[in-house]
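Q: I'd like to ask some things about the structure below.
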Amino acid sequence: MDEREVLAVDVVFVGGGPASLAGAIRLATLAKAADRELSIVVLEKAAAFGDHSLSGAVLDPRALDELLAELGPVPPPPLDTPVAEEALWYLTEHGRFQAPWIPPPMHNHGHNLVSVQRLVAWLAERASELGVDCLPESPAVALCWDQQRITGVQIGDKGRDAAGNPREHFELGPYIQAKITILGDGVRGNLTKQAIARLGLGASAQAPRYALGIKELWQLPPGRFPVGKVVHTLGVPLPTETFGGGWLYGLHNNILDLGLVVGLDSPDPSTDAHDAFNRFKLHPVIRPLLRDAQLLAYGAKALPEGGLYSIPRLSADGVLLIGDAANMLNGLRLKGIHLAMKSGMLAAQAAFTALQADCYDTQQLAQYDDAFRASWAYTELYQARNVHQGFEHGLGLGLMNAGLGMFSGGRGFGVVEALPITPAQQRLQKITEVAPRAKQRRVIPDGVVTFDKLSDVFHSGTHHDEAQAGHLHVADTSVCAQKCTREYGNPCQYFCPAQVYRPNFIEHDGRISGQLDIDFANCVHCKTCDIVDPYQIITWVPPQGGDGPVYTGM
């Protein structure tokens, strides 16, 4: 350890999302009830809590209700719009079919349409009132170790030195020394990756699978779309081999919440979720809704779609994993916020018991794994354990499997306890292997209903100090030029929803020259590049504190 500042605490939560904040609130209330003083810190890389939080989102209130019961009288949470009606559409090229009934797992009556950004800000206020130190602009960039025990985290410093000159690499800031570190750093969290790799926490789990969710908020003319209406879609614009679907949510004040989820395990290396989202908006059922409307905001975020079997071991010496970092999302219900909050609360209970015993080893903290398996969160995920696996061979079989699973307790195709899943990188086909089919021409954005990626980045509020060291690390760009160009056609130019990667390679006389330009200032922190890169040589790390998107109202 160097001479940098050391802050010693009892528990540090990494990531300021619903999982960490619910956990911090639960831990603080336990400590208060036991008349025990605990130092609890929540680290968030954004400039303000909620700025980097993005979701659909239809909130199942179960975990929030449990938390509210412990808090007592507090200002009401921002549960914006009660769900009033629901529909499930299958989109064809020229129209739609409406399902005659909504599958029970997708029922949303009694739930609310929410802005997860506002919910997170509300949770941070409640945590602060209980004495939790909620620290924005504090990206955790490295785990600290004592052999195989995690002893805290290192905070990233600014990307410039004291004289204001850009650094070639990020420097490390203060060291947060913690008895217990709880990792809620989100989908494909940079510290969770480190912990899983070094401690083998994913050894008994299936390979994680992901999707990319793209969302826009639109100001509609009055009366255009009913307030409280929830519509989920399947079919067009996605090909049958690509997992995903869309949504339309009617919010108060004539705002339409519009989004599309695209699986990041498509075999086609030219899959472009942003282009698919533009085509979604041009669909003859969707486009009339956007006539004379105004785009308000844009965002993109990866989703953990692997389900129960992709969840790693949740505890080790000095560390617990929660929320999206632990792949806790119900792909059948399209929900994860309530699961994230419940996992944070369960981790808090385990941490409190360990602190009471003054013991933080694997055996003691494994009570969190046991508590999770005994919880309603596990039961819910168990009922949906084979959902994404069933889409391995296309939409038709996936829907059949999901339907059979509802009547067989979640078994794969109604008979198999656990369906296998292929790692996404192994599903990706080389450009010479992609089955020939009629390719749709990419949408030429009109700047009214459809937008290019840079215009959408502008609507995400994204800002990065361009003089800082880049936070997207490519281990060997020669692989991009000499291998990826020929084998996969540089899919980074397609899969990134923010036009961060611009491969400028030219082949002449059998030789490839040029370079990969990385416009890291465009990055919306979706983690897609870290996930989809076929050679796994791209590593996403947090930029300096406060940089990135600002998802106000999202």
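Chain labels follow the order of the structure tokens: the first chain is A, the next B, and so on; residue numbering restarts at 1 in every chain, and ligands are counted from 1 in their shown order.
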Residues of range 114-155 of chain A in strand (DSSP E) according to DSSP, as a list in words?

A: Asp133, Cys134, Leu135, Ala140, Val141, Ala142, Leu143, Cys144, Trp145, Asp146, Arg149, Ile150, Thr151, Gly152, Val153, Gln154 and Ile155 of chain A

Q: Residues at most 7 Å from Pro77 in chain A, counting only C-alpha atoms, excluding those fewer than 2 positions away in the same chain, as a PyMOL selection string?

A: chain A and resi 75+79+119+122

Q: Mind dumping the selected residues with N, CA and C atoms as a CSV table (one decimal), in the first residue's frame?

A:
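Result file is part05.csv:
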chain,number,residue,atom,x,y,z
A,75,PRO,N,-40.9,10.7,3.6
A,75,PRO,CA,-41.5,11.2,2.3
A,75,PRO,C,-41.9,10.0,1.4
A,79,LEU,N,-43.3,7.0,-7.0
A,79,LEU,CA,-44.0,6.0,-7.8
A,79,LEU,C,-44.9,6.7,-8.7
A,119,LEU,N,-36.1,7.3,-8.3
A,119,LEU,CA,-36.2,6.3,-7.2
A,119,LEU,C,-34.8,6.2,-6.5
A,122,TRP,N,-34.1,9.2,-4.4
A,122,TRP,CA,-34.9,9.2,-3.1
A,122,TRP,C,-34.3,8.2,-2.1

Q: Show me, as a Markdown table, the residues of range 189-273 of chain A having an atom within 8 Å of range 52-65 of chain A, each with the closest atom pair and its distance in Å, using only C-alpha atoms.

A:
| residue | atom | partner | partner_atom | distance |
| --- | --- | --- | --- | --- |
| A:Lys215 | CA | A:Gly56 | CA | 7.4 |
| A:Asp257 | CA | A:Gly56 | CA | 7.6 |
| A:Gly259 | CA | A:Gly56 | CA | 7.4 |

Q: Kindly assemble as CSV a list of the range 298-417 of chain A residues that lie within 10 Å of range 9-12 of chain A, each paired with its nearest atom pair and their distance in Å to one decimal, using only C-alpha atoms, sorted first by chain and then by ascending residue number.

A:
residue,atom,partner,partner_atom,distance
A:Gly318,CA,A:Val11,CA,9.6
A:Val319,CA,A:Val11,CA,9.7
A:Ala348,CA,A:Val11,CA,9.3
A:Ala351,CA,A:Val11,CA,8.0
A:Phe352,CA,A:Val11,CA,9.3
A:Leu355,CA,A:Asp10,CA,8.0

Q: Store the residues picked out above in a file with C-alpha atoms, as a JSON list (two decimals), in the first residue's frame.

A:
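What follows is the written file result36.json:
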[["chain", "number", "residue", "atom", "x", "y", "z"],
["A", 318, "GLY", "CA", -14.69, -10.02, 2.94],
["A", 319, "VAL", "CA", -17.04, -9.64, -0.04],
["A", 348, "ALA", "CA", -27.00, -6.26, 4.72],
["A", 351, "ALA", "CA", -23.04, -8.31, 6.94],
["A", 352, "PHE", "CA", -24.62, -7.16, 10.21],
["A", 355, "LEU", "CA", -20.00, -7.64, 12.18]]

Q: By how many Å are CA of Asn330 in chain A and CA of Ile180 in chain A apart?

A: 27.4 Å

Q: Against range 512-536 of chain A, which residues of range 135-221 of chain A fall within 10 Å? For each one I want the closest pair of atoms and the distance in Å (one decimal), counting only C-alpha atoms, rows by chain and increasing residue number, as CSV.

A:
residue,atom,partner,partner_atom,distance
A:Gly186,CA,A:Lys527,CA,9.7
A:Val187,CA,A:Lys527,CA,7.5
A:Arg188,CA,A:Lys527,CA,6.9
A:Gly189,CA,A:Lys527,CA,8.6
A:Asn190,CA,A:Lys527,CA,9.5
A:Pro208,CA,A:Ile531,CA,9.7
A:Arg209,CA,A:Ile531,CA,8.9
A:Tyr210,CA,A:Ile531,CA,7.7
A:Ala211,CA,A:Thr528,CA,8.5
A:Leu212,CA,A:Thr528,CA,7.1
A:Gly213,CA,A:Cys526,CA,8.8
A:Ile214,CA,A:Cys526,CA,9.6

Q: Each residue of range 482-502 of chain A with at least one atom at most 7 Å from range 429-433 of chain A should appear once, together with its nearest atom pair and the corresponding distance in Å (one decimal); atoms considered: only C-alpha atoms; ordering: chain, then increasing residue number; output as a Markdown table.

A:
| residue | atom | partner | partner_atom | distance |
| --- | --- | --- | --- | --- |
| A:Glu487 | CA | A:Lys430 | CA | 5.2 |
| A:Tyr488 | CA | A:Lys430 | CA | 5.0 |
| A:Gly489 | CA | A:Ile431 | CA | 6.6 |
